[in-house]
$ cat protein-v3.cif   # mmCIF, C-alpha atoms and all ligand atoms
data_structure
loop_
_atom_site.group_PDB
_atom_site.id
_atom_site.type_symbol
_atom_site.label_atom_id
_atom_site.label_comp_id
_atom_site.auth_asym_id
_atom_site.auth_seq_id
_atom_site.Cartn_x
_atom_site.Cartn_y
_atom_site.Cartn_z
ATOM 1 C CA MET N 102 -108.587 -139.818 5.649
ATOM 2 C CA HIS N 103 -107.992 -143.419 6.763
ATOM 3 C CA THR N 104 -111.559 -144.290 5.917
ATOM 4 C CA TYR N 105 -111.728 -141.903 2.977
ATOM 5 C CA ILE N 106 -114.106 -143.034 0.252
ATOM 6 C CA PRO N 107 -113.864 -140.715 -2.755
ATOM 7 C CA SER N 108 -116.699 -140.002 -5.090
ATOM 8 C CA LYS N 109 -116.656 -142.224 -8.136
ATOM 9 C CA GLN N 110 -114.434 -140.920 -10.947
ATOM 10 C CA TYR N 111 -112.978 -138.136 -8.770
ATOM 11 C CA LEU N 112 -109.701 -138.609 -10.677
ATOM 12 C CA ASP N 113 -111.391 -138.265 -14.074
ATOM 13 C CA LYS N 114 -109.080 -136.539 -16.595
ATOM 14 C CA LYS N 115 -106.160 -136.719 -14.160
ATOM 15 C CA THR N 116 -102.807 -138.223 -15.088
ATOM 16 C CA ILE N 117 -100.857 -139.891 -12.282
ATOM 17 C CA LEU N 118 -97.420 -141.490 -12.405
ATOM 18 C CA VAL N 119 -96.743 -144.345 -9.975
ATOM 19 C CA THR N 120 -93.225 -145.749 -9.520
ATOM 20 C CA GLY N 121 -92.884 -149.409 -8.606
ATOM 21 C CA ALA N 122 -96.348 -149.930 -10.075
ATOM 22 C CA GLY N 123 -95.847 -153.619 -10.848
ATOM 23 C CA ASP N 124 -95.981 -155.043 -7.344
ATOM 24 C CA GLY N 125 -96.920 -154.518 -3.709
ATOM 25 C CA ILE N 126 -98.229 -151.135 -2.591
ATOM 26 C CA GLY N 127 -97.495 -149.398 -5.921
ATOM 27 C CA LYS N 128 -99.555 -151.930 -7.836
ATOM 28 C CA GLN N 129 -102.579 -151.385 -5.597
ATOM 29 C CA ALA N 130 -102.175 -147.608 -5.791
ATOM 30 C CA ALA N 131 -102.097 -147.764 -9.607
ATOM 31 C CA LEU N 132 -105.191 -150.013 -9.706
ATOM 32 C CA HIS N 133 -107.039 -147.717 -7.287
ATOM 33 C CA TYR N 134 -106.161 -144.480 -9.090
ATOM 34 C CA ALA N 135 -107.327 -146.076 -12.358
ATOM 35 C CA LYS N 136 -110.535 -147.313 -10.709
ATOM 36 C CA PHE N 137 -111.394 -143.725 -9.792
ATOM 37 C CA GLY N 138 -110.886 -142.416 -13.315
ATOM 38 C CA ALA N 139 -107.184 -141.516 -13.619
ATOM 39 C CA THR N 140 -104.956 -142.327 -16.529
ATOM 40 C CA VAL N 141 -102.046 -144.011 -14.810
ATOM 41 C CA ILE N 142 -98.438 -144.059 -15.942
ATOM 42 C CA LEU N 143 -97.006 -147.346 -14.719
ATOM 43 C CA LEU N 144 -93.266 -147.098 -14.077
ATOM 44 C CA GLY N 145 -91.250 -150.093 -12.917
ATOM 45 C CA LYS N 146 -88.411 -152.472 -13.529
ATOM 46 C CA THR N 147 -90.110 -155.741 -14.524
ATOM 47 C CA VAL N 148 -92.109 -155.299 -17.730
ATOM 48 C CA ALA N 149 -94.147 -158.498 -17.262
ATOM 49 C CA LYS N 150 -95.469 -157.200 -13.930
ATOM 50 C CA LEU N 151 -96.384 -153.818 -15.449
ATOM 51 C CA GLU N 152 -98.187 -155.577 -18.304
ATOM 52 C CA LYS N 153 -100.268 -157.549 -15.789
ATOM 53 C CA VAL N 154 -101.314 -154.327 -14.061
ATOM 54 C CA TYR N 155 -102.049 -152.790 -17.469
ATOM 55 C CA ASP N 156 -104.308 -155.767 -18.334
ATOM 56 C CA GLU N 157 -106.075 -155.590 -14.979
ATOM 57 C CA ILE N 158 -106.821 -151.881 -15.449
ATOM 58 C CA ILE N 159 -108.191 -152.466 -18.956
ATOM 59 C CA ASN N 160 -110.256 -155.476 -17.793
ATOM 60 C CA ASN N 161 -111.718 -153.312 -15.005
ATOM 61 C CA GLY N 162 -112.829 -150.735 -17.595
ATOM 62 C CA GLY N 163 -110.152 -148.144 -16.734
ATOM 63 C CA ASN N 164 -108.446 -145.688 -19.070
ATOM 64 C CA GLU N 165 -105.601 -147.129 -21.092
ATOM 65 C CA PRO N 166 -102.463 -146.772 -18.936
ATOM 66 C CA ALA N 167 -98.979 -145.942 -20.198
ATOM 67 C CA ILE N 168 -96.079 -148.256 -19.365
ATOM 68 C CA VAL N 169 -92.607 -146.889 -18.613
ATOM 69 C CA PRO N 170 -90.135 -149.741 -18.137
ATOM 70 C CA LEU N 171 -87.226 -148.192 -16.282
ATOM 71 C CA ASP N 172 -84.610 -149.576 -13.908
ATOM 72 C CA LEU N 173 -84.092 -146.718 -11.458
ATOM 73 C CA LYS N 174 -80.673 -148.098 -10.650
ATOM 74 C CA GLY N 175 -79.234 -147.204 -14.043
ATOM 75 C CA ALA N 176 -81.453 -144.301 -15.075
ATOM 76 C CA THR N 177 -79.803 -140.946 -15.777
ATOM 77 C CA ALA N 178 -81.088 -137.369 -15.808
ATOM 78 C CA LYS N 179 -81.586 -137.722 -19.578
ATOM 79 C CA HIS N 180 -83.944 -140.701 -19.116
ATOM 80 C CA TYR N 181 -86.114 -138.587 -16.805
ATOM 81 C CA ARG N 182 -86.008 -135.536 -19.080
ATOM 82 C CA ASP N 183 -87.059 -137.684 -22.068
ATOM 83 C CA MET N 184 -89.838 -139.245 -19.996
ATOM 84 C CA ALA N 185 -91.039 -135.822 -18.828
ATOM 85 C CA ASN N 186 -91.095 -134.538 -22.425
ATOM 86 C CA THR N 187 -93.125 -137.565 -23.543
ATOM 87 C CA ILE N 188 -95.609 -137.011 -20.688
ATOM 88 C CA THR N 189 -96.003 -133.325 -21.557
ATOM 89 C CA ASP N 190 -96.446 -134.121 -25.270
ATOM 90 C CA GLN N 191 -99.006 -136.840 -24.573
ATOM 91 C CA PHE N 192 -100.953 -135.481 -21.587
ATOM 92 C CA GLY N 193 -100.086 -131.771 -21.372
ATOM 93 C CA TYR N 194 -99.255 -131.935 -17.672
ATOM 94 C CA LEU N 195 -99.049 -134.240 -14.658
ATOM 95 C CA ASP N 196 -101.600 -134.134 -11.799
ATOM 96 C CA GLY N 197 -100.010 -136.652 -9.476
ATOM 97 C CA LEU N 198 -96.738 -138.418 -8.755
ATOM 98 C CA LEU N 199 -96.392 -141.287 -6.277
ATOM 99 C CA HIS N 200 -92.772 -142.043 -5.437
ATOM 100 C CA ASN N 201 -93.226 -145.599 -4.203
ATOM 101 C CA ALA N 202 -90.455 -147.797 -5.662
ATOM 102 C CA SER N 203 -87.563 -148.588 -3.378
ATOM 103 C CA VAL N 204 -85.167 -151.331 -2.403
ATOM 104 C CA LEU N 205 -84.309 -152.643 1.039
ATOM 105 C CA GLY N 206 -80.636 -153.416 0.426
ATOM 106 C CA HIS N 207 -78.813 -155.464 3.040
ATOM 107 C CA LEU N 208 -79.784 -155.176 6.673
ATOM 108 C CA GLY N 209 -76.901 -155.468 9.120
ATOM 109 C CA PRO N 210 -74.432 -153.594 11.326
ATOM 110 C CA PHE N 211 -73.326 -150.126 10.243
ATOM 111 C CA GLU N 212 -69.691 -151.300 10.347
ATOM 112 C CA GLN N 213 -70.434 -153.838 7.627
ATOM 113 C CA ILE N 214 -72.315 -151.618 5.147
ATOM 114 C CA SER N 215 -70.551 -152.044 1.812
ATOM 115 C CA GLU N 216 -69.973 -149.088 -0.472
ATOM 116 C CA GLN N 217 -71.727 -151.008 -3.251
ATOM 117 C CA ASP N 218 -74.889 -151.556 -1.225
ATOM 118 C CA TRP N 219 -74.886 -147.934 -0.069
ATOM 119 C CA GLN N 220 -74.601 -146.730 -3.701
ATOM 120 C CA ASN N 221 -77.336 -149.100 -4.927
ATOM 121 C CA VAL N 222 -79.827 -148.150 -2.239
ATOM 122 C CA PHE N 223 -79.149 -144.437 -2.618
ATOM 123 C CA GLN N 224 -79.373 -144.582 -6.398
ATOM 124 C CA VAL N 225 -82.803 -146.262 -6.366
ATOM 125 C CA ASN N 226 -84.296 -144.713 -3.216
ATOM 126 C CA VAL N 227 -82.928 -141.162 -3.333
ATOM 127 C CA THR N 228 -81.063 -140.069 -6.487
ATOM 128 C CA SER N 229 -83.770 -141.371 -8.817
ATOM 129 C CA GLN N 230 -86.432 -139.430 -6.867
ATOM 130 C CA PHE N 231 -84.362 -136.266 -7.053
ATOM 131 C CA LEU N 232 -83.740 -136.547 -10.808
ATOM 132 C CA MET N 233 -87.290 -137.636 -11.601
ATOM 133 C CA THR N 234 -88.949 -134.918 -9.528
ATOM 134 C CA GLN N 235 -86.688 -132.224 -10.975
ATOM 135 C CA ALA N 236 -87.468 -133.382 -14.527
ATOM 136 C CA LEU N 237 -91.212 -133.576 -13.840
ATOM 137 C CA LEU N 238 -91.598 -130.226 -12.061
ATOM 138 C CA PRO N 239 -92.454 -128.351 -15.294
ATOM 139 C CA ALA N 240 -95.267 -130.862 -15.977
ATOM 140 C CA LEU N 241 -96.464 -130.679 -12.343
ATOM 141 C CA LYS N 242 -96.425 -126.861 -12.465
ATOM 142 C CA LYS N 243 -98.621 -126.875 -15.569
ATOM 143 C CA ALA N 244 -101.399 -128.855 -13.847
ATOM 144 C CA PRO N 245 -104.222 -126.856 -12.224
ATOM 145 C CA GLN N 246 -103.212 -128.559 -8.947
ATOM 146 C CA SER N 247 -100.793 -131.410 -8.417
ATOM 147 C CA SER N 248 -99.909 -133.797 -5.613
ATOM 148 C CA VAL N 249 -96.522 -135.415 -5.075
ATOM 149 C CA ILE N 250 -96.442 -138.258 -2.561
ATOM 150 C CA PHE N 251 -93.187 -139.673 -1.220
ATOM 151 C CA THR N 252 -92.955 -142.965 0.657
ATOM 152 C CA THR N 253 -91.173 -143.069 3.968
ATOM 153 C CA SER N 254 -90.883 -145.735 6.661
ATOM 154 C CA SER N 255 -90.854 -145.931 10.447
ATOM 155 C CA VAL N 256 -87.042 -146.243 10.164
ATOM 156 C CA GLY N 257 -87.012 -143.018 8.122
ATOM 157 C CA LEU N 258 -88.541 -141.156 11.054
ATOM 158 C CA LYS N 259 -86.432 -142.696 13.813
ATOM 159 C CA GLY N 260 -83.170 -144.513 13.125
ATOM 160 C CA ARG N 261 -83.007 -148.168 14.125
ATOM 161 C CA ALA N 262 -79.987 -150.452 14.523
ATOM 162 C CA TYR N 263 -79.125 -152.618 11.501
ATOM 163 C CA TRP N 264 -81.423 -150.833 9.036
ATOM 164 C CA GLY N 265 -78.401 -149.118 7.439
ATOM 165 C CA PRO N 266 -78.700 -147.485 4.011
ATOM 166 C CA TYR N 267 -82.445 -148.143 3.700
ATOM 167 C CA SER N 268 -83.196 -146.209 6.880
ATOM 168 C CA ILE N 269 -80.843 -143.367 5.948
ATOM 169 C CA SER N 270 -82.349 -143.209 2.436
ATOM 170 C CA LYS N 271 -85.803 -142.736 3.947
ATOM 171 C CA PHE N 272 -84.522 -139.842 6.110
ATOM 172 C CA ALA N 273 -83.201 -138.313 2.870
ATOM 173 C CA THR N 274 -86.602 -138.853 1.267
ATOM 174 C CA GLN N 275 -88.231 -136.997 4.151
ATOM 175 C CA GLY N 276 -85.767 -134.135 3.674
ATOM 176 C CA MET N 277 -86.511 -133.958 -0.058
ATOM 177 C CA MET N 278 -90.260 -133.880 0.580
ATOM 178 C CA GLN N 279 -89.950 -131.117 3.196
ATOM 179 C CA ILE N 280 -87.659 -128.939 1.048
ATOM 180 C CA LEU N 281 -89.986 -129.237 -1.949
ATOM 181 C CA ALA N 282 -93.059 -128.570 0.191
ATOM 182 C CA ASP N 283 -91.443 -125.414 1.561
ATOM 183 C CA GLU N 284 -90.228 -124.191 -1.842
ATOM 184 C CA PHE N 285 -93.650 -124.762 -3.393
ATOM 185 C CA ASP N 286 -95.743 -123.601 -0.437
ATOM 186 C CA ASN N 287 -98.728 -121.571 -1.660
ATOM 187 C CA SER N 288 -98.292 -122.899 -5.193
ATOM 188 C CA ASN N 289 -100.320 -125.454 -7.141
ATOM 189 C CA ILE N 290 -97.949 -128.264 -6.059
ATOM 190 C CA ARG N 291 -98.373 -130.107 -2.742
ATOM 191 C CA CYS N 292 -95.772 -132.563 -1.411
ATOM 192 C CA ASN N 293 -96.382 -135.016 1.419
ATOM 193 C CA SER N 294 -95.187 -138.417 2.503
ATOM 194 C CA ILE N 295 -96.813 -141.633 3.612
ATOM 195 C CA ASN N 296 -95.445 -144.209 6.017
ATOM 196 C CA PRO N 297 -97.308 -147.366 4.962
ATOM 197 C CA GLY N 298 -96.486 -149.240 8.199
ATOM 198 C CA GLY N 299 -95.994 -153.020 8.130
ATOM 199 C CA THR N 300 -97.774 -154.187 4.988
ATOM 200 C CA LYS N 301 -97.963 -157.628 3.401
ATOM 201 C CA THR N 302 -95.552 -157.364 0.438
ATOM 202 C CA ALA N 303 -92.367 -158.969 -0.896
ATOM 203 C CA MET N 304 -90.219 -156.263 0.707
ATOM 204 C CA ARG N 305 -91.777 -156.815 4.130
ATOM 205 C CA ALA N 306 -91.264 -160.597 3.792
ATOM 206 C CA LYS N 307 -87.598 -159.996 3.018
ATOM 207 C CA ALA N 308 -87.170 -157.724 6.054
ATOM 208 C CA PHE N 309 -89.129 -159.948 8.470
ATOM 209 C CA PRO N 310 -88.890 -163.508 7.095
ATOM 210 C CA ALA N 311 -90.019 -165.158 10.351
ATOM 211 C CA GLU N 312 -93.230 -163.195 10.999
ATOM 212 C CA ASN N 313 -96.729 -164.373 10.206
ATOM 213 C CA ALA N 314 -97.616 -162.155 7.254
ATOM 214 C CA ASP N 315 -101.311 -162.912 7.685
ATOM 215 C CA ASN N 316 -101.324 -160.539 10.666
ATOM 216 C CA LEU N 317 -100.308 -157.620 8.422
ATOM 217 C CA LYS N 318 -102.541 -155.220 6.551
ATOM 218 C CA THR N 319 -102.664 -155.832 2.817
ATOM 219 C CA PRO N 320 -101.711 -153.044 0.378
ATOM 220 C CA GLU N 321 -105.387 -152.758 -0.536
ATOM 221 C CA GLU N 322 -106.354 -152.031 3.077
ATOM 222 C CA ILE N 323 -104.081 -148.968 3.307
ATOM 223 C CA MET N 324 -105.312 -147.369 0.077
ATOM 224 C CA PRO N 325 -107.754 -144.770 1.535
ATOM 225 C CA LEU N 326 -104.838 -142.487 2.509
ATOM 226 C CA TYR N 327 -103.255 -142.862 -0.950
ATOM 227 C CA LEU N 328 -106.583 -141.887 -2.509
ATOM 228 C CA TYR N 329 -107.113 -138.983 -0.119
ATOM 229 C CA LEU N 330 -103.729 -137.362 -0.780
ATOM 230 C CA MET N 331 -104.326 -137.469 -4.552
ATOM 231 C CA ASP N 332 -107.609 -135.595 -4.135
ATOM 232 C CA ASN N 333 -106.631 -132.031 -4.952
ATOM 233 C CA ASP N 334 -110.152 -130.776 -4.207
ATOM 234 C CA THR N 335 -110.375 -132.149 -0.656
ATOM 235 C CA SER N 336 -106.819 -132.489 0.542
ATOM 236 C CA THR N 337 -104.901 -129.271 1.162
ATOM 237 C CA GLU N 338 -102.009 -130.636 3.237
ATOM 238 C CA ASN N 339 -98.444 -129.734 2.304
ATOM 239 C CA GLY N 340 -95.172 -130.882 3.883
ATOM 240 C CA GLN N 341 -96.854 -133.432 6.136
ATOM 241 C CA THR N 342 -96.036 -137.049 6.957
ATOM 242 C CA PHE N 343 -98.984 -139.414 7.262
ATOM 243 C CA GLU N 344 -99.201 -142.827 8.873
ATOM 244 C CA ALA N 345 -101.265 -145.217 6.749
ATOM 245 C CA GLN N 346 -101.764 -147.333 9.865
ATOM 246 C CA PRO N 347 -102.076 -144.934 12.815
ATOM 247 C CA LYS N 348 -101.536 -146.605 16.206
HETATM 248 P P1 LIG D 401 -92.223 -154.282 -3.030
HETATM 249 O O1 LIG D 401 -93.391 -155.178 -2.938
HETATM 250 O O2 LIG D 401 -90.847 -154.849 -2.935
HETATM 251 O O3 LIG D 401 -92.371 -153.398 -4.338
HETATM 252 C C1 LIG D 401 -91.351 -152.492 -4.683
HETATM 253 C C2 LIG D 401 -91.608 -151.980 -6.071
HETATM 254 O O4 LIG D 401 -90.498 -151.152 -6.431
HETATM 255 C C3 LIG D 401 -91.694 -153.094 -7.102
HETATM 256 O O5 LIG D 401 -92.719 -152.808 -8.023
HETATM 257 C C4 LIG D 401 -90.329 -153.037 -7.763
HETATM 258 O O6 LIG D 401 -90.335 -153.479 -9.110
HETATM 259 C C5 LIG D 401 -90.008 -151.569 -7.700
HETATM 260 N N1 LIG D 401 -88.572 -151.376 -7.827
HETATM 261 C C6 LIG D 401 -87.593 -151.853 -7.019
HETATM 262 N N2 LIG D 401 -86.386 -151.546 -7.526
HETATM 263 C C7 LIG D 401 -86.604 -150.871 -8.674
HETATM 264 C C8 LIG D 401 -85.761 -150.310 -9.651
HETATM 265 N N3 LIG D 401 -84.432 -150.415 -9.567
HETATM 266 N N4 LIG D 401 -86.321 -149.691 -10.722
HETATM 267 C C9 LIG D 401 -87.662 -149.601 -10.839
HETATM 268 N N5 LIG D 401 -88.529 -150.133 -9.944
HETATM 269 C C10 LIG D 401 -87.992 -150.756 -8.876
HETATM 270 O O7 LIG D 401 -92.274 -153.180 -1.865
HETATM 271 P P2 LIG D 401 -93.504 -152.535 -1.068
HETATM 272 O O8 LIG D 401 -93.523 -153.162 0.260
HETATM 273 O O9 LIG D 401 -94.712 -152.472 -1.906
HETATM 274 O O10 LIG D 401 -92.911 -151.068 -0.843
HETATM 275 C C11 LIG D 401 -93.433 -149.910 -1.457
HETATM 276 C C12 LIG D 401 -92.896 -148.711 -0.716
HETATM 277 O O11 LIG D 401 -93.357 -148.731 0.627
HETATM 278 C C13 LIG D 401 -91.364 -148.667 -0.624
HETATM 279 O O12 LIG D 401 -90.931 -147.344 -0.762
HETATM 280 C C14 LIG D 401 -91.079 -149.165 0.773
HETATM 281 O O13 LIG D 401 -89.865 -148.677 1.259
HETATM 282 C C15 LIG D 401 -92.262 -148.599 1.517
HETATM 283 N N6 LIG D 401 -92.588 -149.273 2.775
HETATM 284 C C16 LIG D 401 -93.094 -150.536 2.778
HETATM 285 C C17 LIG D 401 -93.429 -151.149 3.980
HETATM 286 C C18 LIG D 401 -93.992 -152.538 4.042
HETATM 287 O O14 LIG D 401 -94.204 -153.057 5.158
HETATM 288 N N7 LIG D 401 -94.282 -153.185 2.917
HETATM 289 C C19 LIG D 401 -93.225 -150.461 5.195
HETATM 290 C C20 LIG D 401 -92.700 -149.159 5.155
HETATM 291 C C21 LIG D 401 -92.398 -148.577 3.941
HETATM 292 P P3 LIG D 401 -89.971 -154.997 -9.469
HETATM 293 O O15 LIG D 401 -91.000 -155.834 -8.770
HETATM 294 O O16 LIG D 401 -90.035 -155.010 -10.923
HETATM 295 O O17 LIG D 401 -88.588 -155.223 -8.906
#
$ encode --input "protein-v3.cif" --output "structure tokens"
Amino acid sequence: MHTYIPSKQYLDKKTILVTGAGDGIGKQAALHYAKFGATVILLGKTVAKLEKVYDEIINNGGNEPAIVPLDLKGATAKHYRDMANTITDQFGYLDGLLHNASVLGHLGPFEQISEQDWQNVFQVNVTSQFLMTQALLPALKKAPQSSVIFTTSSVGLKGRAYWGPYSISKFATQGMMQILADEFDNSNIRCNSINPGGTKTAMRAKAFPAENADNLKTPEEIMPLYLYLMDNDTSTENGQTFEAQPK
């Protein structure tokens, strides 16, 4: 699965929503899903970035994407219900959902975590995923088979000093993925998570400002696993956590 090369257009007629699709790993995932035939719903905060991805998909000959400008920090259950209704009206159902967007928040000692930072990180990294997944379940259930991918982190699998709310939010993400996978076991919905590992993006640069980013994998290099888990014909895993960069 780390060297997975899908057949061309294997995502033909599939609709896939990617959060945080304007930058970093989410942008590459959106471009790759579109390259293999999917119609991609680009959700993110900065409209200009989403428009650039939209243009790139069109210029590459992909299906016309949909853009959903949404700040996950302020979004309510109603925003997600409205979005889910629009998706069902327009596409009938949803074949794939990549929960990728997240924020790092402040790194520092547990004693100094502010309530504000805790709330912000949990709103974007956890609450939004809960509300969005709940709203989209009817559309995911209607698909012949659907794949939901969550994004974890090494610090969401083993706690590490000074990683505060971000680390705890990734543990919560793991819990959400496992509960959903268990509830929907033997159904048409599969839920798994990916730990990208150190990858050359803005978030990584913020977390490790002193490292040489040229030694990191690029988002493009870790895409085979993202493509594999969206392949509902080949991939049957449910409730699993995958390393995009196995040791
Ligand atoms: P990134 O380059 O910072 O991209 C994050 C994306 O999330 C951006 O498109 C951003 O949109 C979006 N986003 C952030 N806050 C948002 C909000 N309030 N509403 C809507 N969208 C929002 O990060 P990345 O490195 O690609 O990370 C992608 C995922 O991988 C994250 O879940 C991260 O935790 C995980 N991860 C990354 C690494 C790594 O080394 N890079 C390692 C482990 C896990 P804007 O650009 O518009 O703000």
$ residues_near_ligand --input "protein-v3.cif" --ligand "ligand LIG 401 (chain D)" --cutoff "6 Å" --atoms "only C-alpha atoms and all ligand atoms" --output "ChimeraX atom specification"
/N:121-127,145-147,171-174,201-204,225,252-254,296-305
$ residues_around --input "protein-v3.cif" --residues "Lys242 (chain N)" --least-positions-apart "2" --cutoff "12 Å" --atoms "all atoms listed in the file" --output "PDB file with C-alpha atoms, in the coordinates of the input"
ATOM      1  CA  THR N 189     -96.003-133.325 -21.557  1.00  0.00           C
ATOM      2  CA  GLY N 193    -100.086-131.771 -21.372  1.00  0.00           C
ATOM      3  CA  TYR N 194     -99.255-131.935 -17.672  1.00  0.00           C
ATOM      4  CA  LEU N 195     -99.049-134.240 -14.658  1.00  0.00           C
ATOM      5  CA  ASP N 196    -101.600-134.134 -11.799  1.00  0.00           C
ATOM      6  CA  GLY N 197    -100.010-136.652  -9.476  1.00  0.00           C
ATOM      7  CA  THR N 234     -88.949-134.918  -9.528  1.00  0.00           C
ATOM      8  CA  GLN N 235     -86.688-132.224 -10.975  1.00  0.00           C
ATOM      9  CA  ALA N 236     -87.468-133.382 -14.527  1.00  0.00           C
ATOM     10  CA  LEU N 237     -91.212-133.576 -13.840  1.00  0.00           C
ATOM     11  CA  LEU N 238     -91.598-130.226 -12.061  1.00  0.00           C
ATOM     12  CA  PRO N 239     -92.454-128.351 -15.294  1.00  0.00           C
ATOM     13  CA  ALA N 240     -95.267-130.862 -15.977  1.00  0.00           C
ATOM     14  CA  ALA N 244    -101.399-128.855 -13.847  1.00  0.00           C
ATOM     15  CA  PRO N 245    -104.222-126.856 -12.224  1.00  0.00           C
ATOM     16  CA  GLN N 246    -103.212-128.559  -8.947  1.00  0.00           C
ATOM     17  CA  SER N 247    -100.793-131.410  -8.417  1.00  0.00           C
ATOM     18  CA  SER N 248     -99.909-133.797  -5.613  1.00  0.00           C
ATOM     19  CA  VAL N 249     -96.522-135.415  -5.075  1.00  0.00           C
ATOM     20  CA  PHE N 285     -93.650-124.762  -3.393  1.00  0.00           C
ATOM     21  CA  SER N 288     -98.292-122.899  -5.193  1.00  0.00           C
ATOM     22  CA  ASN N 289    -100.320-125.454  -7.141  1.00  0.00           C
ATOM     23  CA  ILE N 290     -97.949-128.264  -6.059  1.00  0.00           C
ATOM     24  CA  ARG N 291     -98.373-130.107  -2.742  1.00  0.00           C
TER      25      ARG N 291
END
$ atom_distance --input "protein-v3.cif" --atom1 "CA of Pro325 (chain N)" --atom2 "CA of Asp113 (chain N)"
17.3 Å
$ residues_around --input "protein-v3.cif" --residues "Phe343 (chain N)" --least-positions-apart "2" --cutoff "10 Å" --atoms "all atoms listed in the file" --output "PyMOL selection string"
chain N and resi 102-103+252-253+293-297+326-327+330+340-341+345-347
$ atom_distance --input "protein-v3.cif" --atom1 "CA of Asn164 (chain N)" --atom2 "CA of Val119 (chain N)"
14.9 Å
$ atom_distance --input "protein-v3.cif" --atom1 "CA of Ala131 (chain N)" --atom2 "CA of Leu143 (chain N)"
7.2 Å
$ closest_residue --input "protein-v3.cif" --among "N:Ala306, N:Tyr181, N:Met324, N:Asp286" --to "Thr104 (chain N)" --atoms "all atoms listed in the file"
N:Met324
$ resolve_selection --input "protein-v3.cif" --expression "the PyMOL selection byres (((chain N and resi 158) around 10) and not hetatm)" --output "PyMOL selection string"
chain N and resi 131-136+140-141+152-157+159-166
